[in-house]
Amino acid sequence: VDTHPLRHCRLWQIPSDVSSRSMSVSPPLLASSAAPTTTVSFAHWNPHYECFLKEPTCRRNATASLARLLASGCSPTGCANGGLDFASVIEFEVADYEPPAGWESIGLAQTCGHDWATLFYDARRWKVSAWSTGCLAPGRSFAAGVFAPAGGGVALTVASAHFPQTQHNASAYAEATATLRAVLARLGAHKPEAATVLLADTNTESPQAAASTAWHNSSGGVNKTNAALLSDLGLWASPDEPPAAPLFKGCCCTPFFAGDTPFSWEGDRIVANAGSPASSRVLFDPPPAWACSEELRNATGSEFHKGVAFDLVLPAARSVSVAS
């Protein structure tokens, strides 16, 4: 089994000991109809490990669903516009998975104990120049890369990440964001002209969502807006919200708490520090029976997540000023 984190490519990885200067950037110029633009499509999904280790039917269907998502931009409940460019998949525990023709991956391997964070990209459209994989915190992983359009254009940094739970360890969020901030700095994401997109199971809700549910609000967890999350990563300095897919209740099939209902938590996000949102949609909504049912909750404790797709319009050239 090929467990190399970057399959089918011969590239260089930025060493972990390379130092770089972190900086916050002001809100990027949004794409306008007066300037050349390009639309980039993203998806993020966490089918969760129970699907692969405890239920063969779920494993087969999840594997087929990922192949369809990458090949056509479609999930069982809808399609992305014009196909995908990038897909972040968390806890997709199939080390010998071969993506559809033209697709390659970073991080298709078990790391950080028993965790998986894999970033798939359409290598016909994008060429990777640098990449990094590792642990955000104990048991939680990330995969990130710097990509340029195959036909030339502005580079884009894309990161897939699995943040730790914070309900019983509030310091875990600070540890994870500090680690990812340093990784993004080494990859050049803090340069004024850089555009970055985060696709992550952040295990954090918005403050508004947490406040609306008593147990969520009193559990001691960290709750962040998209602007606060990007600010903590050194990617955003504005009080305004950045371009992002709307937050949605996508976790989980089996509730964390007896008073919860299935899919009552926010946490899975796609958020960018550049461009303008074009469209978004929730994937696997309603959740398929092969992944989430009362029988599976009782038999496996399935924590299957719904996914999200997001189309981002980026300017062909970007002008950003460094925040003071």
# chains A, B, ... in the order shown; residues from 1 in each chain; ligands from 1
call {"tool": "select_by_dssp", "arguments": {"residues": "range 6-248 of chain A", "states": "alpha helix (DSSP H)", "output": "VMD selection string"}}
result
chain A and resid 50 to 53 56 to 72 171 to 186 207 to 211 214 to 218 226 to 232
call {"tool": "residues_around", "arguments": {"residues": "range 304-307 of chain A", "least_positions_apart": "3", "cutoff": "7 Å", "atoms": "only C-alpha atoms", "output": "list in words"}}
result
His44, Trp45, Asn46, Pro47, His48, Gly250, Cys251, Cys252, Cys253, Val282, Leu283, Phe284, Asp285, Pro287, Ala291 and Cys292 of chain A
call {"tool": "residues_around", "arguments": {"residues": "Thr202 in chain A", "least_positions_apart": "6", "cutoff": "6 Å", "atoms": "only C-alpha atoms", "output": "PyMOL selection string"}}
result
chain A and resi 163+267-268
call {"tool": "closest_atom_pairs", "arguments": {"of": "range 147-266 of chain A", "to": "range 127-134 of chain A", "cutoff": "7 Å", "atoms": "only C-alpha atoms", "output": "Markdown table"}}
result
| residue | atom | partner | partner_atom | distance |
| --- | --- | --- | --- | --- |
| A:Phe147 | CA | A:Val128 | CA | 4.4 |
| A:Ala148 | CA | A:Lys127 | CA | 5.4 |
| A:Pro149 | CA | A:Lys127 | CA | 6.4 |
| A:Ala150 | CA | A:Lys127 | CA | 5.8 |
call {"tool": "write_last_selection", "arguments": {"atoms": "N, CA, C and O atoms", "output": "compact mmCIF listing (two decimals), in the first residue's frame"}}
result
# COMPACT_ATOMS: atom_id res chain seq x y z
N PHE A 147 -0.98 25.95 -4.86
CA PHE A 147 -1.37 25.53 -6.20
C PHE A 147 -1.40 26.72 -7.15
O PHE A 147 -1.78 27.83 -6.75
N ALA A 148 -1.05 26.49 -8.40
CA ALA A 148 -1.19 27.49 -9.45
C ALA A 148 -2.04 26.90 -10.56
O ALA A 148 -1.96 25.70 -10.85
N PRO A 149 -2.87 27.72 -11.20
CA PRO A 149 -3.67 27.21 -12.32
C PRO A 149 -2.77 26.65 -13.41
O PRO A 149 -1.70 27.21 -13.70
N ALA A 150 -3.18 25.54 -14.00
CA ALA A 150 -2.35 24.90 -15.02
C ALA A 150 -2.08 25.83 -16.20
O ALA A 150 -1.02 25.75 -16.83
call {"tool": "atom_distance", "arguments": {"atom1": "CA of Trp265 in chain A", "atom2": "CA of Cys58 in chain A"}}
result
22.0 Å
call {"tool": "select_by_dssp", "arguments": {"residues": "range 54-267 of chain A", "states": "strand (DSSP E or B)", "output": "PyMOL selection string"}}
result
chain A and resi 74-75+78-79+86-90+103-106+111+115+117-122+126-137+140-149+156-162+195-201+205+223+244+251+265
call {"tool": "residues_around", "arguments": {"residues": "Glu98 in chain A", "least_positions_apart": "2", "cutoff": "10 Å", "atoms": "only C-alpha atoms", "output": "list in words"}}
result
Arg7, Thr63, Ala67, Val94, Ala95, Asp96, Pro100, Ala101, Trp103, Glu104, Ser105 and Leu108 of chain A
call {"tool": "write_last_selection", "arguments": {"atoms": "C-alpha atoms", "output": "PDB file, in the first residue's frame"}}
result
ATOM      1  CA  ARG A   7       0.790  10.433  -4.392  1.00  0.00           C
ATOM      2  CA  THR A  63     -15.930   5.246  -1.485  1.00  0.00           C
ATOM      3  CA  ALA A  67     -15.379   8.931  -6.629  1.00  0.00           C
ATOM      4  CA  VAL A  94      -9.081   3.918   2.737  1.00  0.00           C
ATOM      5  CA  ALA A  95      -5.299   3.949   2.276  1.00  0.00           C
ATOM      6  CA  ASP A  96      -5.397   2.205  -1.102  1.00  0.00           C
ATOM      7  CA  PRO A 100     -10.639   9.243 -10.550  1.00  0.00           C
ATOM      8  CA  ALA A 101      -8.367   9.955 -13.499  1.00  0.00           C
ATOM      9  CA  TRP A 103      -7.134  13.689  -9.516  1.00  0.00           C
ATOM     10  CA  GLU A 104      -4.266  13.520  -7.029  1.00  0.00           C
ATOM     11  CA  SER A 105      -4.080  13.808  -3.262  1.00  0.00           C
ATOM     12  CA  LEU A 108      -4.074  10.061   1.952  1.00  0.00           C
TER      13      LEU A 108
END
call {"tool": "closest_residue", "arguments": {"among": "A:Ala64, A:Leu156, A:Ala161, A:Ala182", "to": "Gly275 in chain A", "atoms": "only C-alpha atoms"}}
result
A:Leu156
call {"tool": "residues_around", "arguments": {"residues": "Val222 in chain A", "least_positions_apart": "2", "cutoff": "7 Å", "atoms": "only C-alpha atoms", "output": "PyMOL selection string"}}
result
chain A and resi 166+170+204+220+224
call {"tool": "closest_residue", "arguments": {"among": "A:Pro138, A:Gly151, A:Gly107, A:Pro99", "to": "Ala316 in chain A", "atoms": "only C-alpha atoms"}}
result
A:Gly151
call {"tool": "atom_distance", "arguments": {"atom1": "CA of Ser293 in chain A", "atom2": "CA of Phe248 in chain A"}}
result
20.0 Å
call {"tool": "residues_around", "arguments": {"residues": "Phe52 in chain A", "least_positions_apart": "5", "cutoff": "9 Å", "atoms": "only C-alpha atoms", "output": "list in words"}}
result
Pro47, Thr57, Cys58, Arg59, Arg60, Ala62, Glu91, Phe92, Glu93 and Val94 of chain A
call {"tool": "write_last_selection", "arguments": {"atoms": "N, CA and C atoms", "output": "PDB file, in the first residue's frame"}}
result
ATOM      1  N   PRO A  47     -16.982  11.845   6.503  1.00  0.00           N
ATOM      2  CA  PRO A  47     -17.866  10.687   6.687  1.00  0.00           C
ATOM      3  C   PRO A  47     -17.657   9.967   8.017  1.00  0.00           C
ATOM      4  N   THR A  57     -20.892  -1.853   4.340  1.00  0.00           N
ATOM      5  CA  THR A  57     -21.796  -1.231   3.368  1.00  0.00           C
ATOM      6  C   THR A  57     -21.553   0.268   3.288  1.00  0.00           C
ATOM      7  N   CYS A  58     -21.340   0.898   4.428  1.00  0.00           N
ATOM      8  CA  CYS A  58     -21.045   2.324   4.453  1.00  0.00           C
ATOM      9  C   CYS A  58     -19.718   2.600   3.753  1.00  0.00           C
ATOM     10  N   ARG A  59     -18.728   1.777   3.997  1.00  0.00           N
ATOM     11  CA  ARG A  59     -17.418   1.966   3.359  1.00  0.00           C
ATOM     12  C   ARG A  59     -17.549   1.919   1.843  1.00  0.00           C
ATOM     13  N   ARG A  60     -18.267   0.924   1.324  1.00  0.00           N
ATOM     14  CA  ARG A  60     -18.417   0.801  -0.126  1.00  0.00           C
ATOM     15  C   ARG A  60     -19.137   2.008  -0.712  1.00  0.00           C
ATOM     16  N   ALA A  62     -19.527   5.053   0.649  1.00  0.00           N
ATOM     17  CA  ALA A  62     -18.764   6.286   0.818  1.00  0.00           C
ATOM     18  C   ALA A  62     -17.643   6.379  -0.211  1.00  0.00           C
ATOM     19  N   GLU A  91     -11.196  11.777   7.858  1.00  0.00           N
ATOM     20  CA  GLU A  91     -11.441  10.414   8.333  1.00  0.00           C
ATOM     21  C   GLU A  91     -11.954   9.504   7.212  1.00  0.00           C
ATOM     22  N   PHE A  92     -11.448   9.715   6.003  1.00  0.00           N
ATOM     23  CA  PHE A  92     -11.730   8.794   4.898  1.00  0.00           C
ATOM     24  C   PHE A  92     -10.629   7.736   4.930  1.00  0.00           C
ATOM     25  N   GLU A  93     -10.903   6.622   5.605  1.00  0.00           N
ATOM     26  CA  GLU A  93      -9.862   5.689   6.014  1.00  0.00           C
ATOM     27  C   GLU A  93      -9.717   4.538   5.024  1.00  0.00           C
ATOM     28  N   VAL A  94      -9.295   4.897   3.802  1.00  0.00           N
ATOM     29  CA  VAL A  94      -9.081   3.918   2.737  1.00  0.00           C
ATOM     30  C   VAL A  94      -7.718   4.210   2.122  1.00  0.00           C
TER      31      VAL A  94
END
call {"tool": "atom_distance", "arguments": {"atom1": "CA of Lys54 in chain A", "atom2": "CA of Ser302 in chain A"}}
result
8.9 Å
call {"tool": "closest_atom_pairs", "arguments": {"of": "range 229-284 of chain A", "to": "range 208-213 of chain A", "cutoff": "10 Å", "atoms": "only C-alpha atoms", "output": "CSV"}}
result
residue,atom,partner,partner_atom,distance
A:Leu247,CA,A:Ala209,CA,9.4
A:Phe248,CA,A:Ala209,CA,9.6
A:Lys249,CA,A:Ala209,CA,9.2
A:Gly259,CA,A:Thr213,CA,9.8
A:Asp260,CA,A:Thr213,CA,8.8
A:Ser264,CA,A:Thr213,CA,9.1
A:Trp265,CA,A:Ala209,CA,8.1
A:Glu266,CA,A:Ala209,CA,7.5
call {"tool": "closest_residue", "arguments": {"among": "A:Pro242, A:Pro36, A:Pro164, A:Pro277", "to": "Asp201 in chain A", "atoms": "only C-alpha atoms"}}
result
A:Pro164
